[in-house]
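Have a look at structure25.tsv; it's TSV, C-alpha atoms:
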chain	number	residue	atom	x	y	z
A	1	MET	CA	74.60	131.48	140.79
A	2	LEU	CA	78.19	131.79	141.94
A	3	ARG	CA	78.92	133.44	145.26
A	4	MET	CA	82.43	134.33	146.30
A	5	ILE	CA	83.01	133.71	149.97
A	6	SER	CA	86.54	135.04	150.30
A	7	ILE	CA	89.50	136.07	148.23
A	8	VAL	CA	92.86	134.36	148.65
A	9	ARG	CA	95.95	136.23	147.57
A	10	TYR	CA	99.17	134.40	146.88
A	11	VAL	CA	102.46	136.23	147.31
A	12	TRP	CA	105.47	134.71	145.60
A	13	PRO	CA	108.53	135.00	147.85
A	14	ALA	CA	110.85	135.99	145.00
A	15	ILE	CA	110.66	136.67	141.31
A	16	ARG	CA	112.78	134.25	139.34
A	17	PRO	CA	113.13	134.46	135.58
A	18	CYS	CA	112.13	131.28	133.83
A	19	ASN	CA	112.63	129.94	130.35
A	20	ALA	CA	109.83	130.16	127.86
A	21	ALA	CA	107.82	126.98	127.82
A	22	ALA	CA	108.59	124.61	125.03
A	23	ARG	CA	105.15	123.07	125.56
A	24	GLY	CA	103.23	123.46	122.39
A	25	ALA	CA	106.51	123.44	120.50
A	26	ASP	CA	106.80	119.70	120.94
A	27	PHE	CA	103.63	119.01	118.97
A	28	PRO	CA	102.35	120.21	115.62
A	29	ARG	CA	100.22	123.29	115.69
A	30	ILE	CA	97.11	123.81	113.60
A	31	ARG	CA	98.84	126.57	111.59
A	32	GLY	CA	102.17	124.93	110.99
A	33	PRO	CA	104.58	122.11	111.71
A	34	GLY	CA	106.10	121.29	115.05
A	35	PRO	CA	109.71	120.20	115.59
A	36	THR	CA	108.96	116.57	114.75
A	37	GLN	CA	107.64	117.47	111.32
A	38	ALA	CA	110.51	119.89	110.71
A	39	ALA	CA	112.99	117.11	111.57
A	40	LEU	CA	111.30	114.62	109.23
A	41	VAL	CA	110.36	116.60	106.13
A	42	PRO	CA	113.24	117.50	103.77
A	43	GLY	CA	113.55	121.23	103.27
A	44	SER	CA	111.71	122.01	106.50
A	45	ALA	CA	112.87	124.43	109.14
A	46	LEU	CA	111.20	125.72	112.27
A	47	GLU	CA	112.31	128.39	114.71
A	48	ILE	CA	111.07	128.03	118.28
A	49	PRO	CA	111.40	131.33	120.15
A	50	GLY	CA	112.26	131.24	123.83
A	51	VAL	CA	113.87	127.77	123.87
A	52	SER	CA	117.52	127.81	124.81
A	53	GLU	CA	120.19	125.12	124.88
A	54	VAL	CA	120.25	125.25	128.67
A	55	SER	CA	116.50	125.53	129.20
A	56	GLU	CA	115.12	123.82	132.29
A	57	GLN	CA	111.78	123.18	130.58
A	58	PRO	CA	111.16	119.43	130.30
A	59	ASP	CA	109.74	119.68	126.79
A	60	SER	CA	112.89	121.40	125.54
A	61	ARG	CA	114.78	118.23	126.56
A	62	ALA	CA	112.62	116.32	124.06
A	63	ILE	CA	113.49	118.87	121.38
A	64	ARG	CA	117.21	118.39	122.13
A	65	LEU	CA	116.64	114.64	121.77
A	66	LEU	CA	115.63	115.23	118.14
A	67	GLY	CA	119.12	116.68	117.66
A	68	THR	CA	120.73	113.51	119.04
A	69	MET	CA	118.55	111.52	116.63
A	70	GLY	CA	120.05	113.47	113.74
A	71	ALA	CA	117.76	116.44	113.22
A	72	ASP	CA	119.45	119.67	112.21
A	73	LEU	CA	119.16	121.44	115.58
A	74	ARG	CA	120.77	124.81	116.15
A	75	PHE	CA	120.53	127.18	119.07
A	76	VAL	CA	120.84	130.90	118.56
A	77	PRO	CA	120.35	133.53	121.24
A	78	GLY	CA	116.71	133.39	122.28
A	79	SER	CA	115.54	130.46	120.15
A	80	ALA	CA	116.10	127.02	118.73
A	81	ALA	CA	115.89	126.06	115.06
A	82	VAL	CA	114.96	122.53	113.96
A	83	GLY	CA	115.35	121.23	110.42
A	84	CYS	CA	115.67	118.03	108.43
A	85	ARG	CA	119.11	116.64	107.55
A	86	ALA	CA	117.76	114.60	104.61
A	87	ARG	CA	117.35	115.96	101.09
A	88	ALA	CA	114.18	115.44	99.06
A	89	ASP	CA	115.98	113.02	96.71
A	90	ASP	CA	117.67	111.14	99.58
A	91	ALA	CA	116.29	107.67	100.38
A	92	ALA	CA	117.97	107.59	103.80
A	93	PRO	CA	115.74	107.94	106.89
A	94	PRO	CA	115.76	111.49	108.27
A	95	LEU	CA	116.56	110.38	111.84
A	96	ASP	CA	118.38	107.62	113.72
A	97	GLY	CA	116.82	105.46	116.42
A	98	ARG	CA	117.82	106.12	120.03
A	99	HIS	CA	117.83	104.57	123.49
A	100	ALA	CA	117.08	107.24	126.09
A	101	ASP	CA	115.74	107.70	129.60
A	102	LEU	CA	113.05	110.36	129.31
A	103	ALA	CA	111.80	110.38	132.90
A	104	ASP	CA	112.53	114.12	133.01
A	105	CYS	CA	110.22	114.87	130.06
A	106	PRO	CA	107.52	112.18	129.78
A	107	ASP	CA	104.97	114.34	127.96
A	108	GLY	CA	107.55	115.47	125.41
A	109	ALA	CA	108.60	111.85	124.94
A	110	LEU	CA	105.52	111.27	122.78
A	111	MET	CA	107.17	113.44	120.12
A	112	ALA	CA	110.29	111.24	120.16
A	113	ILE	CA	108.20	108.06	120.07
A	114	ALA	CA	106.35	109.28	116.98
A	115	ALA	CA	109.60	110.37	115.29
A	116	ALA	CA	111.23	107.01	116.03
A	117	ALA	CA	108.57	105.32	113.90
A	118	VAL	CA	110.43	106.50	110.78
A	119	ALA	CA	114.00	106.54	112.11
A	120	ALA	CA	116.79	104.23	111.00
A	121	GLY	CA	117.00	101.36	113.48
A	122	GLY	CA	115.12	100.59	116.63
A	123	SER	CA	114.51	102.87	119.59
A	124	ARG	CA	113.82	102.42	123.27
A	125	PHE	CA	112.57	105.10	125.64
A	126	GLU	CA	112.47	104.48	129.39
A	127	GLY	CA	111.35	106.25	132.55
A	128	LEU	CA	107.84	106.74	131.20
A	129	GLY	CA	105.70	105.09	133.88
A	130	THR	CA	103.75	108.31	134.48
A	131	LEU	CA	102.41	108.11	130.91
A	132	ARG	CA	100.29	105.15	131.99
A	133	VAL	CA	98.18	107.33	134.30
A	134	LYS	CA	97.49	110.44	132.23
A	135	GLU	CA	94.28	111.17	130.27
A	136	SER	CA	94.84	107.73	128.77
A	137	ASP	CA	97.45	104.99	129.01
A	138	ARG	CA	99.70	106.92	126.64
A	139	LEU	CA	102.24	104.12	126.22
A	140	ALA	CA	99.51	101.67	125.15
A	141	ALA	CA	97.87	104.28	122.92
A	142	MET	CA	101.17	105.09	121.18
A	143	ALA	CA	102.02	101.40	120.70
A	144	GLU	CA	98.58	100.81	119.18
A	145	GLY	CA	98.93	103.80	116.84
A	146	LEU	CA	102.42	102.82	115.75
A	147	GLY	CA	101.15	99.34	114.94
A	148	ARG	CA	98.45	100.79	112.72
A	149	ILE	CA	101.05	102.52	110.54
A	150	GLY	CA	103.28	99.45	110.30
A	151	ALA	CA	105.85	100.04	113.07
A	152	ARG	CA	106.45	97.35	115.67
A	153	ALA	CA	106.15	98.54	119.26
A	154	ARG	CA	106.50	96.75	122.57
A	155	ILE	CA	105.69	98.29	125.94
A	156	GLY	CA	106.50	97.57	129.56
A	157	ALA	CA	105.67	99.21	132.87
A	158	ASP	CA	107.72	102.34	132.11
A	159	TRP	CA	109.19	101.85	128.63
A	160	ILE	CA	108.37	101.58	124.97
A	161	GLU	CA	110.63	100.14	122.30
A	162	GLY	CA	110.19	99.26	118.72
A	163	ASP	CA	111.27	99.04	115.15
A	164	PRO	CA	110.39	101.67	112.57
A	165	VAL	CA	107.98	101.40	109.69
A	166	PRO	CA	109.70	99.39	106.93
A	167	ALA	CA	111.25	101.57	104.20
A	168	GLY	CA	108.81	102.27	101.40
A	169	HIS	CA	105.81	101.10	103.44
A	170	ARG	CA	102.77	103.29	102.87
A	171	VAL	CA	99.43	102.82	104.57
A	172	ALA	CA	96.28	104.79	105.21
A	173	ALA	CA	95.51	104.45	108.90
A	174	THR	CA	92.93	105.67	111.36
A	175	ILE	CA	94.49	106.15	114.77
A	176	ASP	CA	92.41	106.37	117.94
A	177	PRO	CA	93.84	109.08	120.25
A	178	HIS	CA	91.91	107.62	123.22
A	179	ARG	CA	90.46	111.04	124.06
A	180	ASP	CA	93.97	112.29	124.87
A	181	HIS	CA	95.18	115.54	123.30
A	182	ARG	CA	98.88	114.67	123.53
A	183	VAL	CA	98.38	111.33	121.80
A	184	ALA	CA	96.28	113.06	119.13
A	185	MET	CA	98.99	115.66	118.47
A	186	SER	CA	101.77	113.08	118.32
Could I get this structure in the form of structure tokens?
Amino acid sequence: MLRMISIVRYVWPAIRPCNAAARGADFPRIRGPGPTQAALVPGSALEIPGVSEVSEQPDSRAIRLLGTMGADLRFVPGSAAVGCRARADDAAPPLDGRHADLADCPDGALMAIAAAAVAAGGSRFEGLGTLRVKESDRLAAMAEGLGRIGARARIGADWIEGDPVPAGHRVAATIDPHRDHRVAMS
């Protein structure tokens, strides 16, 4: 039996418009691809309503990072569109590796870490110490998962770096998400 003792009412001092959350946009959804998949699969395109080029949402920073990695990223009023630069008959990797400080978007960084596994050249992402104390040690979980698919990953206190899966390498892998939804969706 639940008994309510008192009711607390919060009054916000001012109403401030905020950008639509990119959260959920940084990972694949059950019904369709997320930005990472759209950036990696030739012919793909995804529109993400409510994400602007100047959004203050941390996860939208991770989406913009896909653009710096070479994804076809366009902003139109009220949304962002992510697509793949590679063609189906193109053997070139769809993205380029990057070195970035992602302290301002650690949860969204998992998307970039997963994408870097198939990018051209190595990547290093820093400022991620908080990922060690989430539902799991997300840096260790990502490094383990990347290793299972053939990528080489090294981790430190607040960084992960690595080399992508070798071109043409195919493997069936079972990846343990360590009971962490963000690792599972990456």
_I'd like the contact shell of Ser44 (chain A) - 8 Å cut-off, only C-alpha atoms, skipping same-chain residues fewer than 6 positions apart - returned as a PyMOL selection string._
chain A and resi 37-38+83-84
Counting only C-alpha atoms, the residue among A:His99, A:Arg148, A:Arg154, A:Arg85 that lies closest to Gly127 (chain A) is A:His99
Leaving out Leu65 (chain A) and any residue of its chain fewer than 2 positions from it, which residues lie within 10 Å of it when counting all atoms listed in the file, given as a PyMOL selection string? chain A and resi 59-63+67-71+73+98+100+102+108-109+111-112
Computed gap from CA of Gly122 (chain A) to CA of Trp159 (chain A) is 13.4 Å
Which one is closest to Met142 (chain A): A:Pro58, A:Pro35, A:Gly162, A:Pro49? Count all atoms listed in the file.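 Smallest distance to Met142 (chain A) is found for A:Gly162.
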task = Kindly indicate which residue among A:Pro77, A:Pro177, A:Pro164, A:Pro42 lies nearest to Gly145 (chain A), using all atoms listed in the file for the distances.
result =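 Of all the options, A:Pro177 lies closest to Gly145 (chain A).
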- [ ] Would you please work out which residue, of A:Asp101, A:Glu47, A:Asp107, A:Asp158, is nearest to Ser79 (chain A) when using only C-alpha atoms?
- [x]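 Checking each candidate against Ser79 (chain A), we get A:Glu47 as the closest.
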- What residues have an atom no more than 12 Å from (100.2, 105.1, 131.4) in the file's own frame, counting all atoms listed in the file, and can you write them as number ranges by chain? A: 106-107, 110, 127-143, 155-160, 178, 180, 183
Give me the residues within 8 Å of region 149-151 of chain A as a list in words, counting only C-alpha atoms and dropping any in the same chain fewer than 4 places off.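 Close residues of region 149-151 of chain A: Ala117, Gly145, Gly162, Asp163, Pro164, Val165, Pro166, His169, Arg170, Val171, Ala172 and Ala173 of chain A.
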Take the point (117.5, 105.1, 112.6) in the file's coordinates, draw a sphere of radius 7 Å around it, and report as a list in words every protein, DNA or RNA residue with an atom inside or on it, counting only C-alpha atoms. Pro93, Leu95, Asp96, Gly97, Ala119, Ala120, Gly121 and Gly122 of chain A
Best match for closeness to Thr36 (chain A) among A:Pro94, A:Leu146, A:Ala103, A:Arg152, counting all atoms listed in the file:
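Looking at the shortest contact to Thr36 (chain A), the residue is A:Pro94.
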CA of Ser52 (chain A) sits from CA of Gly78 (chain A) at a separation of 6.2 Å
- Message: So the first atom is CA of Asp72 (chain A) and the second is CA of Gly34 (chain A); what is the distance between them in Å, to one decimal place?
- Response: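 Atom-to-atom, CA of Asp72 (chain A) and CA of Gly34 (chain A) are spaced 13.7 Å apart.
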**OP:** Choose the residue, out of A:Gly147, A:Asp104, A:Ala153, A:Ala114, that has the smallest atom-to-atom separation from Arg182 (chain A); count only C-alpha atoms.
**Re:**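 For Arg182 (chain A), the nearest of the given residues is A:Ala114.
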